[in-house]
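J.: The file below is run-v8.cif, mmCIF, C-alpha atoms:
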```cif
data_upload
loop_
_atom_site.group_PDB
_atom_site.id
_atom_site.type_symbol
_atom_site.label_atom_id
_atom_site.label_comp_id
_atom_site.auth_asym_id
_atom_site.auth_seq_id
_atom_site.Cartn_x
_atom_site.Cartn_y
_atom_site.Cartn_z
ATOM 1 C CA MET S 963 -24.365 -7.988 -15.947
ATOM 2 C CA GLY S 964 -22.825 -6.814 -12.716
ATOM 3 C CA LEU S 965 -20.080 -8.250 -10.601
ATOM 4 C CA GLU S 966 -21.430 -10.815 -8.173
ATOM 5 C CA GLU S 967 -19.717 -12.251 -5.131
ATOM 6 C CA SER S 968 -20.158 -15.766 -6.537
ATOM 7 C CA ALA S 969 -18.450 -14.754 -9.800
ATOM 8 C CA LEU S 970 -14.940 -15.463 -8.527
ATOM 9 C CA GLN S 971 -13.770 -18.568 -10.348
ATOM 10 C CA ALA S 972 -11.430 -21.226 -8.963
ATOM 11 C CA GLU S 973 -8.929 -20.429 -11.742
ATOM 12 C CA GLU S 974 -8.838 -16.788 -10.651
ATOM 13 C CA VAL S 975 -8.210 -17.823 -7.057
ATOM 14 C CA GLU S 976 -5.375 -20.119 -8.193
ATOM 15 C CA GLU S 977 -3.840 -17.341 -10.304
ATOM 16 C CA ILE S 978 -3.801 -14.979 -7.317
ATOM 17 C CA LEU S 979 -2.443 -17.715 -5.037
ATOM 18 C CA SER S 980 0.427 -18.293 -7.479
ATOM 19 C CA SER S 981 1.444 -14.621 -7.426
ATOM 20 C CA CYS S 982 0.535 -13.983 -3.773
ATOM 21 C CA PRO S 983 1.245 -17.125 -1.729
ATOM 22 C CA GLN S 984 0.736 -15.264 1.548
ATOM 23 C CA TYR S 985 -3.044 -15.464 0.977
ATOM 24 C CA SER S 986 -5.196 -18.478 1.725
ATOM 25 C CA THR S 987 -8.106 -19.386 -0.550
ATOM 26 C CA LYS S 988 -10.493 -18.282 2.182
ATOM 27 C CA GLU S 989 -8.750 -14.891 2.464
ATOM 28 C CA ILE S 990 -8.948 -14.338 -1.294
ATOM 29 C CA ARG S 991 -12.677 -15.081 -1.257
ATOM 30 C CA ARG S 992 -13.174 -12.690 1.675
ATOM 31 C CA LEU S 993 -11.096 -10.039 -0.062
ATOM 32 C CA TYR S 994 -13.247 -10.515 -3.158
ATOM 33 C CA LYS S 995 -16.382 -9.822 -1.093
ATOM 34 C CA ARG S 996 -14.718 -6.653 0.137
ATOM 35 C CA PHE S 997 -13.817 -5.702 -3.436
ATOM 36 C CA CYS S 998 -17.455 -6.202 -4.470
ATOM 37 C CA ARG S 999 -18.595 -3.826 -1.720
ATOM 38 C CA ILE S 1000 -16.113 -1.186 -2.912
ATOM 39 C CA ASP S 1001 -17.248 -1.690 -6.528
ATOM 40 C CA ARG S 1002 -20.540 0.107 -5.986
ATOM 41 C CA GLU S 1003 -21.286 0.346 -9.706
ATOM 42 C CA HIS S 1004 -20.723 -3.409 -10.206
ATOM 43 C CA ARG S 1005 -18.268 -2.894 -13.083
ATOM 44 C CA GLY S 1006 -15.798 -5.552 -11.976
ATOM 45 C CA THR S 1007 -13.256 -2.775 -11.466
ATOM 46 C CA VAL S 1008 -12.682 0.062 -9.029
ATOM 47 C CA ASN S 1009 -11.214 3.494 -9.613
ATOM 48 C CA PRO S 1010 -8.973 5.623 -7.383
ATOM 49 C CA SER S 1011 -11.982 7.366 -5.879
ATOM 50 C CA ASP S 1012 -13.426 3.988 -4.846
ATOM 51 C CA LEU S 1013 -10.075 2.992 -3.338
ATOM 52 C CA MET S 1014 -9.979 6.161 -1.244
ATOM 53 C CA HIS S 1015 -13.098 4.886 0.520
ATOM 54 C CA ILE S 1016 -11.305 1.851 1.949
ATOM 55 C CA PRO S 1017 -11.506 2.765 5.657
ATOM 56 C CA GLU S 1018 -7.940 1.634 6.375
ATOM 57 C CA PHE S 1019 -6.722 4.001 3.626
ATOM 58 C CA ALA S 1020 -9.196 6.835 4.131
ATOM 59 C CA MET S 1021 -8.003 7.472 7.684
ATOM 60 C CA ASN S 1022 -4.345 7.513 6.612
ATOM 61 C CA PRO S 1023 -2.813 10.912 5.788
ATOM 62 C CA LEU S 1024 -0.874 9.173 2.999
ATOM 63 C CA CYS S 1025 -4.077 7.915 1.366
ATOM 64 C CA SER S 1026 -3.276 9.431 -2.030
ATOM 65 C CA ARG S 1027 0.197 7.828 -2.002
ATOM 66 C CA LEU S 1028 -1.315 4.452 -1.052
ATOM 67 C CA VAL S 1029 -3.918 4.647 -3.806
ATOM 68 C CA ALA S 1030 -1.172 5.546 -6.296
ATOM 69 C CA LEU S 1031 0.361 2.104 -5.640
ATOM 70 C CA PHE S 1032 -2.484 0.408 -7.515
ATOM 71 C CA PRO S 1033 -1.686 -0.232 -11.196
ATOM 72 C CA ALA S 1034 -4.795 1.371 -12.680
ATOM 73 C CA LYS S 1035 -5.246 0.517 -16.353
ATOM 74 C CA ASP S 1036 -7.348 3.190 -18.036
ATOM 75 C CA GLY S 1037 -8.074 4.507 -14.541
ATOM 76 C CA PHE S 1038 -9.465 1.231 -13.213
ATOM 77 C CA VAL S 1039 -8.173 -1.636 -11.058
ATOM 78 C CA ASN S 1040 -9.496 -5.176 -11.439
ATOM 79 C CA PHE S 1041 -9.712 -7.692 -8.606
ATOM 80 C CA LYS S 1042 -6.405 -9.406 -9.397
ATOM 81 C CA GLN S 1043 -4.551 -6.061 -9.342
ATOM 82 C CA PHE S 1044 -6.402 -5.140 -6.139
ATOM 83 C CA ALA S 1045 -5.405 -8.397 -4.405
ATOM 84 C CA GLU S 1046 -1.795 -8.266 -5.620
ATOM 85 C CA THR S 1047 -1.348 -4.679 -4.468
ATOM 86 C CA LEU S 1048 -2.874 -5.301 -1.050
ATOM 87 C CA ALA S 1049 -0.773 -8.449 -0.540
ATOM 88 C CA VAL S 1050 2.103 -6.357 0.812
ATOM 89 C CA PHE S 1051 -0.085 -5.425 3.793
ATOM 90 C CA HIS S 1052 -0.761 -9.083 4.626
ATOM 91 C CA PRO S 1053 0.702 -10.233 7.974
ATOM 92 C CA ASN S 1054 2.668 -13.010 6.238
ATOM 93 C CA THR S 1055 4.467 -10.670 3.824
ATOM 94 C CA ARG S 1056 8.182 -10.365 4.591
ATOM 95 C CA ALA S 1057 9.411 -7.215 6.310
ATOM 96 C CA GLU S 1058 11.701 -6.393 3.362
ATOM 97 C CA GLU S 1059 8.711 -6.286 0.987
ATOM 98 C CA LYS S 1060 6.947 -3.962 3.398
ATOM 99 C CA LEU S 1061 10.043 -1.750 3.545
ATOM 100 C CA LYS S 1062 10.066 -1.584 -0.268
ATOM 101 C CA LEU S 1063 6.492 -0.332 -0.098
ATOM 102 C CA MET S 1064 7.404 2.256 2.523
ATOM 103 C CA PHE S 1065 10.365 3.356 0.426
ATOM 104 C CA THR S 1066 8.095 3.746 -2.621
ATOM 105 C CA ILE S 1067 5.714 5.905 -0.600
ATOM 106 C CA TYR S 1068 8.548 8.169 0.549
ATOM 107 C CA ASP S 1069 10.146 8.293 -2.927
ATOM 108 C CA GLU S 1070 7.629 10.907 -4.012
ATOM 109 C CA ASP S 1071 9.212 11.641 -7.395
ATOM 110 C CA GLY S 1072 9.834 7.967 -8.211
ATOM 111 C CA ASP S 1073 13.544 8.312 -9.014
ATOM 112 C CA GLY S 1074 14.621 5.391 -6.823
ATOM 113 C CA PHE S 1075 15.948 7.598 -4.030
ATOM 114 C CA ILE S 1076 14.487 9.495 -1.090
ATOM 115 C CA SER S 1077 15.646 13.089 -1.343
ATOM 116 C CA ARG S 1078 15.161 15.939 1.107
ATOM 117 C CA LYS S 1079 12.312 17.223 -1.081
ATOM 118 C CA ASP S 1080 10.627 13.781 -1.111
ATOM 119 C CA LEU S 1081 10.938 13.475 2.626
ATOM 120 C CA ILE S 1082 9.605 16.938 3.380
ATOM 121 C CA THR S 1083 6.674 16.430 0.976
ATOM 122 C CA VAL S 1084 5.661 13.208 2.733
ATOM 123 C CA LEU S 1085 6.222 14.705 6.199
ATOM 124 C CA LEU S 1086 3.894 17.566 5.250
ATOM 125 C CA MET S 1087 1.257 15.025 4.176
ATOM 126 C CA VAL S 1088 1.555 13.297 7.536
ATOM 127 C CA THR S 1089 1.812 16.308 9.826
ATOM 128 C CA GLY S 1090 0.015 18.999 7.880
ATOM 129 C CA LYS S 1091 1.337 22.423 8.754
ATOM 130 C CA HIS S 1092 1.844 21.521 12.416
ATOM 131 C CA LEU S 1093 5.620 21.459 12.098
ATOM 132 C CA GLY S 1094 7.504 24.551 11.035
ATOM 133 C CA THR S 1095 10.063 24.640 8.243
ATOM 134 C CA GLU S 1096 12.933 24.545 10.718
ATOM 135 C CA ARG S 1097 11.595 21.382 12.396
ATOM 136 C CA LEU S 1098 10.919 19.690 9.028
ATOM 137 C CA ASN S 1099 14.474 20.433 7.922
ATOM 138 C CA SER S 1100 15.822 19.109 11.219
ATOM 139 C CA ILE S 1101 13.910 15.849 10.777
ATOM 140 C CA ALA S 1102 15.138 15.575 7.173
ATOM 141 C CA ASP S 1103 18.749 16.163 8.288
ATOM 142 C CA GLU S 1104 18.496 13.500 10.976
ATOM 143 C CA TYR S 1105 16.803 11.038 8.656
ATOM 144 C CA LEU S 1106 19.155 11.516 5.707
ATOM 145 C CA ARG S 1107 22.237 11.402 7.979
ATOM 146 C CA GLY S 1108 24.262 13.859 5.916
ATOM 147 C CA CYS S 1109 23.366 12.366 2.516
ATOM 148 C CA GLU S 1110 21.759 14.320 -0.298
ATOM 149 C CA LYS S 1111 19.504 11.372 -0.984
ATOM 150 C CA MET S 1112 18.983 7.856 0.330
ATOM 151 C CA SER S 1113 18.941 4.564 -1.598
ATOM 152 C CA PHE S 1114 16.716 1.645 -0.646
ATOM 153 C CA ASP S 1115 19.655 -0.164 0.975
ATOM 154 C CA GLN S 1116 20.449 2.875 3.125
ATOM 155 C CA PHE S 1117 16.765 3.192 3.993
ATOM 156 C CA LYS S 1118 16.523 -0.504 4.910
ATOM 157 C CA ASP S 1119 19.633 -0.302 7.102
ATOM 158 C CA GLY S 1120 17.842 2.270 9.264
ATOM 159 C CA PHE S 1121 15.323 -0.354 10.412
ATOM 160 C CA THR S 1122 16.613 -2.871 12.903
ATOM 161 C CA ASP S 1123 13.310 -4.088 14.333
ATOM 162 C CA ALA S 1124 11.669 -6.322 11.709
ATOM 163 C CA ARG S 1125 8.692 -6.986 14.007
ATOM 164 C CA ALA S 1126 7.934 -3.264 14.248
ATOM 165 C CA VAL S 1127 7.987 -3.013 10.441
ATOM 166 C CA GLN S 1128 5.660 -6.030 10.198
ATOM 167 C CA ASP S 1129 3.239 -4.519 12.680
ATOM 168 C CA ALA S 1130 3.314 -1.012 11.234
ATOM 169 C CA LEU S 1131 2.659 -2.131 7.662
ATOM 170 C CA THR S 1132 0.024 -4.770 8.262
ATOM 171 C CA ILE S 1133 -3.592 -3.960 7.613
ATOM 172 C CA ARG S 1134 -6.307 -6.336 8.763
ATOM 173 C CA PHE S 1135 -8.490 -5.747 5.698
ATOM 174 C CA ILE S 1136 -9.724 -9.290 5.210
ATOM 175 C CA VAL S 1137 -12.731 -9.191 7.487
ATOM 176 C CA ASP S 1138 -16.384 -9.924 6.828
#
```
Go ahead and render the structure in this file as structure tokens.
T.:
Amino acid sequence: MGLEESALQAEEVEEILSSCPQYSTKEIRRLYKRFCRIDREHRGTVNPSDLMHIPEFAMNPLCSRLVALFPAKDGFVNFKQFAETLAVFHPNTRAEEKLKLMFTIYDEDGDGFISRKDLITVLLMVTGKHLGTERLNSIADEYLRGCEKMSFDQFKDGFTDARAVQDALTIRFIVD
């Protein structure tokens, strides 16, 4: 039996609402319809390849880093995991939560710090080979401000415009 759009139970909606209060019931149901469209094989789960076809991710040069945010169990993501992961992109999610996401994307090696190597790796993903080594190093120097590596608190202190963070890390993915 395949996954059907009507298969989302009220208890499942309530469970997601309890962990992701930024969603409304209507948004969760719309997100579920979107999940069903991504789940082309009607398994009730999606895999990283399916996630890479989300248009808002597919057009992003950091697509692979975004997809890596999903907690895939045995290579698959269920609807609850899908909704919880995407919640950070919701317009009602606090700027600090969005900054944590951004920090995670830049922390390429996952050690809790953004190093020069992390930064250059992500910059290369974003710019391709359009910037030379000298320019990449210059950007890294300016960004790291003389530090070998940057903690989340240092990273957060570099952002003074919360509205810009909100706007930059909001995806309007809950559409019919």
J.: Mind pulling up the distance from atom CA of Arg1056 of chain S to atom CA of Gln1043 of chain S?
T.: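 Spanning atom CA of Gln1043 of chain S to atom CA of Arg1056 of chain S is a straight-line distance of 19.4 Å.
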J.: When the PyMOL selection byres ((chain S and resi 1012) around 12) is applied to the file above, which residues end up in the set, as a VMD selection string?
T.: chain S and resid 996 to 1005 1007 to 1011 1013 to 1017 1019 to 1020 1025 to 1026 1029 1032 1034 1037 to 1040 1044
J.: Please write out, as lines of an AutoDock Vina configuration file, where the centre of an axis-aligned box around all listed atoms of segment 1094-1103 of chain S lies and how long its edges are, in Å to one decimal, after adding 5 Å on each side.
T.:
```
center_x = 13.1
center_y = 20.1
center_z = 9.8
size_x = 21.2
size_y = 19.1
size_z = 15.2
```
J.: Mind telling me what the PyMOL selection byres ((chain S and resi 1088) around 12) catches here, as an MDAnalysis selection string?
T.: chainID S and resid 1021:1027 1067:1068 1081:1087 1089:1093 1098
J.: So that I have them on file, write out the residues from the current selection with C-alpha atoms, as a CSV table (one decimal), in the coordinates of the input.
T.:
```csv
chain,number,residue,atom,x,y,z
S,1021,MET,CA,-8.0,7.5,7.7
S,1022,ASN,CA,-4.3,7.5,6.6
S,1023,PRO,CA,-2.8,10.9,5.8
S,1024,LEU,CA,-0.9,9.2,3.0
S,1025,CYS,CA,-4.1,7.9,1.4
S,1026,SER,CA,-3.3,9.4,-2.0
S,1027,ARG,CA,0.2,7.8,-2.0
S,1067,ILE,CA,5.7,5.9,-0.6
S,1068,TYR,CA,8.5,8.2,0.5
S,1081,LEU,CA,10.9,13.5,2.6
S,1082,ILE,CA,9.6,16.9,3.4
S,1083,THR,CA,6.7,16.4,1.0
S,1084,VAL,CA,5.7,13.2,2.7
S,1085,LEU,CA,6.2,14.7,6.2
S,1086,LEU,CA,3.9,17.6,5.2
S,1087,MET,CA,1.3,15.0,4.2
S,1089,THR,CA,1.8,16.3,9.8
S,1090,GLY,CA,0.0,19.0,7.9
S,1091,LYS,CA,1.3,22.4,8.8
S,1092,HIS,CA,1.8,21.5,12.4
S,1093,LEU,CA,5.6,21.5,12.1
S,1098,LEU,CA,10.9,19.7,9.0
```
J.: List the residues matched by the PyMOL selection byres ((chain S and resi 1048) around 12) in the displayed structure as an mmCIF file with C-alpha atoms, in the frame of the given file, ordered by chain and then by residue number.
T.:
```
data_model
loop_
_atom_site.group_PDB
_atom_site.id
_atom_site.type_symbol
_atom_site.label_atom_id
_atom_site.label_comp_id
_atom_site.auth_asym_id
_atom_site.auth_seq_id
_atom_site.Cartn_x
_atom_site.Cartn_y
_atom_site.Cartn_z
ATOM 1 C CA ILE S 978 -3.801 -14.979 -7.317
ATOM 2 C CA CYS S 982 0.535 -13.983 -3.773
ATOM 3 C CA GLN S 984 0.736 -15.264 1.548
ATOM 4 C CA TYR S 985 -3.044 -15.464 0.977
ATOM 5 C CA GLU S 989 -8.750 -14.891 2.464
ATOM 6 C CA ILE S 990 -8.948 -14.338 -1.294
ATOM 7 C CA LEU S 993 -11.096 -10.039 -0.062
ATOM 8 C CA TYR S 994 -13.247 -10.515 -3.158
ATOM 9 C CA ARG S 996 -14.718 -6.653 0.137
ATOM 10 C CA PHE S 997 -13.817 -5.702 -3.436
ATOM 11 C CA LEU S 1013 -10.075 2.992 -3.338
ATOM 12 C CA ILE S 1016 -11.305 1.851 1.949
ATOM 13 C CA GLU S 1018 -7.940 1.634 6.375
ATOM 14 C CA PHE S 1019 -6.722 4.001 3.626
ATOM 15 C CA LEU S 1028 -1.315 4.452 -1.052
ATOM 16 C CA VAL S 1029 -3.918 4.647 -3.806
ATOM 17 C CA LEU S 1031 0.361 2.104 -5.640
ATOM 18 C CA PHE S 1032 -2.484 0.408 -7.515
ATOM 19 C CA PRO S 1033 -1.686 -0.232 -11.196
ATOM 20 C CA VAL S 1039 -8.173 -1.636 -11.058
ATOM 21 C CA PHE S 1041 -9.712 -7.692 -8.606
ATOM 22 C CA LYS S 1042 -6.405 -9.406 -9.397
ATOM 23 C CA GLN S 1043 -4.551 -6.061 -9.342
ATOM 24 C CA PHE S 1044 -6.402 -5.140 -6.139
ATOM 25 C CA ALA S 1045 -5.405 -8.397 -4.405
ATOM 26 C CA GLU S 1046 -1.795 -8.266 -5.620
ATOM 27 C CA THR S 1047 -1.348 -4.679 -4.468
ATOM 28 C CA ALA S 1049 -0.773 -8.449 -0.540
ATOM 29 C CA VAL S 1050 2.103 -6.357 0.812
ATOM 30 C CA PHE S 1051 -0.085 -5.425 3.793
ATOM 31 C CA HIS S 1052 -0.761 -9.083 4.626
ATOM 32 C CA PRO S 1053 0.702 -10.233 7.974
ATOM 33 C CA ASN S 1054 2.668 -13.010 6.238
ATOM 34 C CA THR S 1055 4.467 -10.670 3.824
ATOM 35 C CA GLU S 1059 8.711 -6.286 0.987
ATOM 36 C CA LYS S 1060 6.947 -3.962 3.398
ATOM 37 C CA LEU S 1063 6.492 -0.332 -0.098
ATOM 38 C CA LEU S 1131 2.659 -2.131 7.662
ATOM 39 C CA THR S 1132 0.024 -4.770 8.262
ATOM 40 C CA ILE S 1133 -3.592 -3.960 7.613
ATOM 41 C CA ARG S 1134 -6.307 -6.336 8.763
ATOM 42 C CA PHE S 1135 -8.490 -5.747 5.698
ATOM 43 C CA ILE S 1136 -9.724 -9.290 5.210
#
```
J.: Thr1122 of chain S: which residues within 12 Å, counting all atoms listed in the file, same-chain residues fewer than 4 positions away excluded, as a ChimeraX atom specification?
T.: /S:1057-1058,1061,1116-1118,1126-1128
J.: Just to confirm, what's the straight-line distance from atom CA of Ser1077 of chain S to atom CA of Cys1109 of chain S in Å (one decimal)?
T.: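 Taking atom CA of Ser1077 of chain S and atom CA of Cys1109 of chain S, their separation equals 8.7 Å.
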J.: Which residues are near Ile1076 of chain S? Cut-off 8 Å, only C-alpha atoms, ignore same chain within fewer than 3 positions. Put them as a ChimeraX atom specification.
T.: /S:1065,1068-1070,1080-1081,1111-1113
J.: Restricting the calculation to all atoms listed in the file: of S:Ala1030, S:Glu1104, S:Glu1110, S:Lys995, which residue gets closest to Gly1072 of chain S?
T.: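 Between S:Ala1030, S:Glu1104, S:Glu1110, S:Lys995, the residue approaching Gly1072 of chain S most closely is S:Ala1030.
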J.: Provide the atom CA of Thr1066 of chain S to atom CA of Arg1125 of chain S distance in Å, to one decimal place.
T.: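 So the answer is 19.8 Å.
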